[in-house]
Amino acid sequence: MIPSFFLKMLPYIFTIVVLIIVTRKALANRVGAPGALGLHYDREER
Amino acid sequence: MQEGFIIIIMATAITAGTPILFAALGEILTERSGILNLGVEGMMLVGAVSGFAFAISFGNPWIGVLGAMLAGGLMALIHAFLTVTMQANQVVTGLALTLFGTGLSGFLGKPFIGIPLENSFKPVSLGILGDIPYLGPIFFQQDPLVYLSYILVPVLWLLIYKTRAGLNLRAVGENPASADSLGVSVYRVRYIYVVMGGMLAGLGGAYLSIAYAPTWLEHMTAGRGWIAVALVIFATWNPVRLCLVAIFSGGSTLWLPCPGNGYYDSILLP
């Protein structure tokens with residue numbers, strides 16, 4: 001029998017995996033993230 | 001017998017998915033404008049405690065909802081100021097807001113721990129729709145906030161994909177420099193949608209404390225804010241896809257610690 005704790009972990013493990021994907025720029029672009037997600041924008045640097 | 005059990009499970013999956021759905025809809029708006037908000041968990045907690053406080057002091061759950069949205073919006077305003085105006089690292093500010101929100105909600109919620117909320121949202125059957133076999137009890141015998149989420153999903157989809165404001169929002173998220181050169185105020189758009197995202201996260205928290213539980217316990221979101229952040233990615237930043245994903249993940253959070261589902265054993269995430 002698998003302890004029920006592993007079942008309780010599932011949503012969090014899923015969350016960790018997805019967060020790893022979104023913080024990797026190349027992977028994030030492949031799943032269709034907004035291009036400037038996580039980048040700050042400064043008018044004066046334009 | 002078996003059928004009735006499956007219907008109850010599916011109806012509960014929808015109620016369990018609703019707080020995550022609200023928070024994730026807010027996160028979609030925020031991320032579409034190009035700001036990553038990892039403070040959803042904190043905003044949900046602050047929304048939950050202030051929603052509960054407003055609902056119990058004014059005796060009206062709708063005032064609680066307004067209070068929660070106000071509190072979530074204020075938390076998001078801090079995030080917007082730090083990331084848009086001060087240009088801080090969005091991951092760090094988001095995490096800081098989660099820690100801040102966890103502490104603040106615990107502090108503010110001390111006098112409210114364990115008090116049951118009498119005037120909470122109760123399930124309302126939607127007339128003829130509620131009488132449809134199978135679908136009626138699953139979708140149309142829920143509380144008013146669930147119906148609000150049914151309306152919010154298509155409204156936000158229309159906003160993002162079919163209106164001028166949504167086009168500006170997507171442009172700012174994809175390429176702020178180009179949007180700026182076409183006369184869209186990047187800072188203003190980002191402020192508006194980050195605050196709207198925070199308000200929806202607060203609403204998601206309030207759903208837990210005003211309708212789902214309905215009581216306040218320290219750290220009652222139990223990581224739902226993080227699940228919301230992950231679902232946004234899983235739904236590829238699309239409200240309609242999110243709606244489908246949220247129901248499944250709602251089912252998967254049925255065993256999360258919350259007084260609403262019968263037990264509260266431990267706190268799992270920081």
# chains A, B, ... in the order shown; residues from 1 in each chain; ligands from 1

$ interface_residues --of "chain A" --to "chain B" --cutoff "7 Å" --atoms "only C-alpha atoms" --output "NGL selection string"
:A and (8 or 11 or 15 or 18-19 or 31-32 or 34-38 or 40-41 or 46)

$ write_last_selection --atoms "N, CA, C and O atoms" --output "mmCIF file, in the first residue's frame"
data_model
loop_
_atom_site.group_PDB
_atom_site.id
_atom_site.type_symbol
_atom_site.label_atom_id
_atom_site.label_comp_id
_atom_site.auth_asym_id
_atom_site.auth_seq_id
_atom_site.Cartn_x
_atom_site.Cartn_y
_atom_site.Cartn_z
ATOM 1 N N LYS A 8 -1.576 13.189 -0.978
ATOM 2 C CA LYS A 8 -1.727 14.584 -0.560
ATOM 3 C C LYS A 8 -0.643 15.462 -1.168
ATOM 4 O O LYS A 8 -0.815 16.662 -1.324
ATOM 5 N N PRO A 11 -0.859 17.502 -5.636
ATOM 6 C CA PRO A 11 -1.053 18.848 -6.189
ATOM 7 C C PRO A 11 0.173 19.734 -6.046
ATOM 8 O O PRO A 11 0.458 20.552 -6.921
ATOM 9 N N THR A 15 2.504 21.435 -8.865
ATOM 10 C CA THR A 15 2.787 22.870 -8.842
ATOM 11 C C THR A 15 4.263 23.154 -9.014
ATOM 12 O O THR A 15 4.658 24.026 -9.791
ATOM 13 N N VAL A 18 5.343 22.658 -12.639
ATOM 14 C CA VAL A 18 4.909 23.720 -13.533
ATOM 15 C C VAL A 18 5.669 25.013 -13.269
ATOM 16 O O VAL A 18 6.011 25.746 -14.193
ATOM 17 N N LEU A 19 5.986 25.290 -11.995
ATOM 18 C CA LEU A 19 6.732 26.512 -11.686
ATOM 19 C C LEU A 19 8.143 26.447 -12.256
ATOM 20 O O LEU A 19 8.689 27.458 -12.693
ATOM 21 N N VAL A 31 5.400 26.969 -24.277
ATOM 22 C CA VAL A 31 4.012 26.743 -23.885
ATOM 23 C C VAL A 31 3.148 27.991 -24.073
ATOM 24 O O VAL A 31 1.993 28.007 -23.682
ATOM 25 N N GLY A 32 3.705 29.053 -24.666
ATOM 26 C CA GLY A 32 2.880 30.205 -25.021
ATOM 27 C C GLY A 32 2.758 31.268 -23.959
ATOM 28 O O GLY A 32 1.723 31.914 -23.844
ATOM 29 N N PRO A 34 3.244 34.925 -22.184
ATOM 30 C CA PRO A 34 3.411 36.285 -22.688
ATOM 31 C C PRO A 34 4.899 36.621 -22.786
ATOM 32 O O PRO A 34 5.664 36.297 -21.877
ATOM 33 N N GLY A 35 5.299 37.246 -23.900
ATOM 34 C CA GLY A 35 6.718 37.446 -24.194
ATOM 35 C C GLY A 35 7.490 38.171 -23.117
ATOM 36 O O GLY A 35 8.638 37.832 -22.845
ATOM 37 N N ALA A 36 6.858 39.178 -22.502
ATOM 38 C CA ALA A 36 7.596 39.998 -21.544
ATOM 39 C C ALA A 36 7.325 39.581 -20.108
ATOM 40 O O ALA A 36 7.574 40.346 -19.185
ATOM 41 N N LEU A 37 6.819 38.349 -19.909
ATOM 42 C CA LEU A 37 6.467 37.909 -18.553
ATOM 43 C C LEU A 37 7.700 37.873 -17.662
ATOM 44 O O LEU A 37 8.699 37.243 -17.986
ATOM 45 N N GLY A 38 7.617 38.573 -16.547
ATOM 46 C CA GLY A 38 8.702 38.559 -15.582
ATOM 47 C C GLY A 38 9.815 39.555 -15.854
ATOM 48 O O GLY A 38 10.751 39.661 -15.073
ATOM 49 N N HIS A 40 11.065 43.521 -16.332
ATOM 50 C CA HIS A 40 10.548 44.851 -16.047
ATOM 51 C C HIS A 40 10.739 45.746 -17.266
ATOM 52 O O HIS A 40 11.548 45.472 -18.152
ATOM 53 N N TYR A 41 9.941 46.803 -17.325
ATOM 54 C CA TYR A 41 9.982 47.692 -18.479
ATOM 55 C C TYR A 41 10.312 49.095 -18.017
ATOM 56 O O TYR A 41 9.667 49.632 -17.121
ATOM 57 N N ARG A 46 14.472 52.384 -23.479
ATOM 58 C CA ARG A 46 13.927 51.957 -24.769
ATOM 59 C C ARG A 46 14.862 52.339 -25.913
ATOM 60 O O ARG A 46 15.410 53.423 -25.946
#

$ residues_around --residues "Val146 of chain B" --least-positions-apart "6" --cutoff "12 Å" --atoms "only C-alpha atoms" --output "number ranges by chain"
B: 11-22, 121-126, 138-140, 152-153, 203-204, 207-208, 211-212, 243, 247

$ write_last_selection --atoms "N, CA and C atoms" --output "mmCIF file, in the first residue's frame"
data_model
loop_
_atom_site.group_PDB
_atom_site.id
_atom_site.type_symbol
_atom_site.label_atom_id
_atom_site.label_comp_id
_atom_site.auth_asym_id
_atom_site.auth_seq_id
_atom_site.Cartn_x
_atom_site.Cartn_y
_atom_site.Cartn_z
ATOM 1 N N ALA B 11 -20.116 17.752 -7.799
ATOM 2 C CA ALA B 11 -20.561 19.063 -7.309
ATOM 3 C C ALA B 11 -19.548 19.626 -6.323
ATOM 4 N N THR B 12 -18.958 18.753 -5.482
ATOM 5 C CA THR B 12 -17.966 19.219 -4.520
ATOM 6 C C THR B 12 -16.676 19.629 -5.220
ATOM 7 N N ALA B 13 -16.345 18.929 -6.312
ATOM 8 C CA ALA B 13 -15.142 19.314 -7.062
ATOM 9 C C ALA B 13 -15.284 20.736 -7.581
ATOM 10 N N ILE B 14 -16.508 21.110 -7.986
ATOM 11 C CA ILE B 14 -16.713 22.477 -8.480
ATOM 12 C C ILE B 14 -16.559 23.485 -7.354
ATOM 13 N N THR B 15 -17.173 23.234 -6.197
ATOM 14 C CA THR B 15 -17.003 24.190 -5.092
ATOM 15 C C THR B 15 -15.547 24.256 -4.662
ATOM 16 N N ALA B 16 -14.848 23.114 -4.668
ATOM 17 C CA ALA B 16 -13.444 23.129 -4.252
ATOM 18 C C ALA B 16 -12.577 23.822 -5.290
ATOM 19 N N GLY B 17 -13.001 23.799 -6.564
ATOM 20 C CA GLY B 17 -12.206 24.434 -7.611
ATOM 21 C C GLY B 17 -12.437 25.932 -7.704
ATOM 22 N N THR B 18 -13.572 26.414 -7.165
ATOM 23 C CA THR B 18 -13.917 27.829 -7.334
ATOM 24 C C THR B 18 -12.898 28.803 -6.733
ATOM 25 N N PRO B 19 -12.406 28.596 -5.472
ATOM 26 C CA PRO B 19 -11.407 29.554 -4.975
ATOM 27 C C PRO B 19 -10.170 29.588 -5.862
ATOM 28 N N ILE B 20 -9.748 28.404 -6.339
ATOM 29 C CA ILE B 20 -8.569 28.341 -7.208
ATOM 30 C C ILE B 20 -8.874 29.028 -8.532
ATOM 31 N N LEU B 21 -10.113 28.846 -9.032
ATOM 32 C CA LEU B 21 -10.500 29.456 -10.303
ATOM 33 C C LEU B 21 -10.432 30.983 -10.215
ATOM 34 N N PHE B 22 -11.003 31.561 -9.135
ATOM 35 C CA PHE B 22 -10.960 33.020 -8.976
ATOM 36 C C PHE B 22 -9.521 33.513 -8.955
ATOM 37 N N PHE B 121 -22.546 32.229 2.462
ATOM 38 C CA PHE B 121 -23.262 31.936 1.216
ATOM 39 C C PHE B 121 -23.815 30.521 1.264
ATOM 40 N N LYS B 122 -25.106 30.377 0.969
ATOM 41 C CA LYS B 122 -25.737 29.056 0.975
ATOM 42 C C LYS B 122 -26.069 28.656 -0.470
ATOM 43 N N PRO B 123 -26.071 27.349 -0.759
ATOM 44 C CA PRO B 123 -26.439 26.916 -2.113
ATOM 45 C C PRO B 123 -27.839 27.370 -2.496
ATOM 46 N N VAL B 124 -27.980 27.879 -3.729
ATOM 47 C CA VAL B 124 -29.262 28.326 -4.249
ATOM 48 C C VAL B 124 -29.520 27.543 -5.525
ATOM 49 N N SER B 125 -30.719 26.952 -5.644
ATOM 50 C CA SER B 125 -31.034 26.228 -6.870
ATOM 51 C C SER B 125 -31.546 27.211 -7.914
ATOM 52 N N LEU B 126 -31.061 27.061 -9.154
ATOM 53 C CA LEU B 126 -31.419 28.013 -10.205
ATOM 54 C C LEU B 126 -32.674 27.566 -10.948
ATOM 55 N N ILE B 138 -25.177 19.102 -10.227
ATOM 56 C CA ILE B 138 -23.735 19.338 -10.274
ATOM 57 C C ILE B 138 -23.429 20.822 -10.456
ATOM 58 N N PHE B 139 -24.103 21.459 -11.444
ATOM 59 C CA PHE B 139 -23.711 22.825 -11.804
ATOM 60 C C PHE B 139 -24.616 23.908 -11.238
ATOM 61 N N PHE B 140 -25.922 23.626 -11.078
ATOM 62 C CA PHE B 140 -26.850 24.718 -10.805
ATOM 63 C C PHE B 140 -27.523 24.642 -9.443
ATOM 64 N N LEU B 152 -17.917 35.122 -14.807
ATOM 65 C CA LEU B 152 -16.618 35.779 -14.923
ATOM 66 C C LEU B 152 -15.740 35.160 -16.015
ATOM 67 N N VAL B 153 -15.816 33.830 -16.180
ATOM 68 C CA VAL B 153 -14.944 33.166 -17.158
ATOM 69 C C VAL B 153 -15.189 33.689 -18.574
ATOM 70 N N LEU B 203 -10.816 37.639 -3.677
ATOM 71 C CA LEU B 203 -12.138 37.013 -3.799
ATOM 72 C C LEU B 203 -12.034 35.496 -3.650
ATOM 73 N N GLY B 204 -10.995 34.913 -4.252
ATOM 74 C CA GLY B 204 -10.780 33.471 -4.111
ATOM 75 C C GLY B 204 -10.581 33.075 -2.660
ATOM 76 N N TYR B 207 -13.838 33.263 -0.828
ATOM 77 C CA TYR B 207 -14.727 32.132 -1.088
ATOM 78 C C TYR B 207 -14.475 31.019 -0.065
ATOM 79 N N LEU B 208 -13.182 30.814 0.273
ATOM 80 C CA LEU B 208 -12.858 29.785 1.273
ATOM 81 C C LEU B 208 -13.469 30.116 2.630
ATOM 82 N N ALA B 211 -17.773 31.022 2.052
ATOM 83 C CA ALA B 211 -18.710 30.052 1.484
ATOM 84 C C ALA B 211 -18.263 28.605 1.687
ATOM 85 N N TYR B 212 -16.981 28.308 1.499
ATOM 86 C CA TYR B 212 -16.540 26.911 1.463
ATOM 87 C C TYR B 212 -16.447 26.332 2.875
ATOM 88 N N CYS B 243 -11.054 27.159 -16.852
ATOM 89 C CA CYS B 243 -12.292 26.707 -16.247
ATOM 90 C C CYS B 243 -12.327 25.187 -16.171
ATOM 91 N N ILE B 247 -11.714 22.661 -12.450
ATOM 92 C CA ILE B 247 -12.630 21.670 -11.878
ATOM 93 C C ILE B 247 -11.866 20.408 -11.504
#

$ atom_distance --atom1 "atom CA of Met196 of chain B" --atom2 "atom CA of Leu117 of chain B"
26.8 Å

$ select_by_dssp --residues "chain A" --states "helix (DSSP H, G or I)" --output "list of chain:residue names"
A:Ser4, A:Phe5, A:Phe6, A:Leu7, A:Lys8, A:Met9, A:Leu10, A:Pro11, A:Tyr12, A:Ile13, A:Phe14, A:Thr15, A:Ile16, A:Val17, A:Val18, A:Leu19, A:Ile20, A:Ile21, A:Val22, A:Thr23, A:Lys25, A:Ala26, A:Leu27, A:Ala28, A:Asn29, A:Arg30, A:Arg43, A:Glu44, A:Glu45

$ atom_distance --atom1 "atom CA of Val46 of chain B" --atom2 "atom CA of Gly72 of chain B"
6.6 Å

$ atom_distance --atom1 "atom CA of Gly26 of chain B" --atom2 "atom CA of Leu167 of chain B"
17.1 Å

$ decode --residues "segment 224-242 of chain B" --atoms "N, CA, C and O atoms" --output "compact mmCIF listing (two decimals), in the first residue's frame"
# COMPACT_ATOMS: atom_id res chain seq x y z
N ARG B 224 -3.29 26.71 -1.93
CA ARG B 224 -4.15 26.86 -3.12
C ARG B 224 -3.67 27.98 -4.03
O ARG B 224 -3.84 27.91 -5.24
N GLY B 225 -3.07 29.02 -3.46
CA GLY B 225 -2.54 30.11 -4.28
C GLY B 225 -1.47 29.62 -5.22
O GLY B 225 -1.40 30.02 -6.39
N TRP B 226 -0.63 28.72 -4.74
CA TRP B 226 0.44 28.17 -5.59
C TRP B 226 -0.16 27.31 -6.69
O TRP B 226 0.31 27.31 -7.83
N ILE B 227 -1.20 26.54 -6.32
CA ILE B 227 -1.85 25.71 -7.33
C ILE B 227 -2.45 26.61 -8.41
O ILE B 227 -2.37 26.30 -9.60
N ALA B 228 -3.00 27.77 -8.00
CA ALA B 228 -3.57 28.70 -8.97
C ALA B 228 -2.50 29.19 -9.94
O ALA B 228 -2.72 29.26 -11.15
N VAL B 229 -1.32 29.53 -9.40
CA VAL B 229 -0.22 30.00 -10.27
C VAL B 229 0.12 28.92 -11.29
O VAL B 229 0.31 29.18 -12.47
N ALA B 230 0.18 27.66 -10.82
CA ALA B 230 0.53 26.57 -11.73
C ALA B 230 -0.56 26.34 -12.77
O ALA B 230 -0.27 26.08 -13.93
N LEU B 231 -1.83 26.48 -12.36
CA LEU B 231 -2.93 26.23 -13.29
C LEU B 231 -2.94 27.22 -14.44
O LEU B 231 -3.34 26.89 -15.56
N VAL B 232 -2.52 28.48 -14.15
CA VAL B 232 -2.48 29.49 -15.21
C VAL B 232 -1.61 29.01 -16.36
O VAL B 232 -1.95 29.13 -17.53
N ILE B 233 -0.47 28.42 -16.00
CA ILE B 233 0.45 27.92 -17.02
C ILE B 233 -0.17 26.72 -17.72
O ILE B 233 -0.11 26.59 -18.94
N PHE B 234 -0.79 25.84 -16.90
CA PHE B 234 -1.40 24.64 -17.46
C PHE B 234 -2.53 25.01 -18.42
O PHE B 234 -2.78 24.31 -19.41
N ALA B 235 -3.22 26.12 -18.15
CA ALA B 235 -4.33 26.57 -19.00
C ALA B 235 -3.83 27.48 -20.13
O ALA B 235 -4.66 28.03 -20.85
N THR B 236 -2.54 27.60 -20.29
CA THR B 236 -1.90 28.47 -21.28
C THR B 236 -2.54 29.86 -21.34
O THR B 236 -2.87 30.36 -22.40
N TRP B 237 -2.73 30.47 -20.19
CA TRP B 237 -3.17 31.87 -20.06
C TRP B 237 -4.52 32.13 -20.73
O TRP B 237 -4.77 33.21 -21.23
N ASN B 238 -5.39 31.10 -20.74
CA ASN B 238 -6.69 31.23 -21.40
C ASN B 238 -7.80 30.92 -20.39
O ASN B 238 -7.85 29.82 -19.86
N PRO B 239 -8.71 31.89 -20.10
CA PRO B 239 -9.73 31.69 -19.06
C PRO B 239 -10.62 30.48 -19.31
O PRO B 239 -11.02 29.81 -18.35
N VAL B 240 -10.97 30.19 -20.57
CA VAL B 240 -11.90 29.10 -20.84
C VAL B 240 -11.25 27.75 -20.54
O VAL B 240 -11.83 26.87 -19.90
N ARG B 241 -9.98 27.60 -20.99
CA ARG B 241 -9.27 26.36 -20.65
C ARG B 241 -9.09 26.24 -19.15
O ARG B 241 -9.18 25.15 -18.58
N LEU B 242 -8.85 27.40 -18.51
CA LEU B 242 -8.65 27.39 -17.06
C LEU B 242 -9.86 26.81 -16.35
O LEU B 242 -9.73 26.07 -15.38
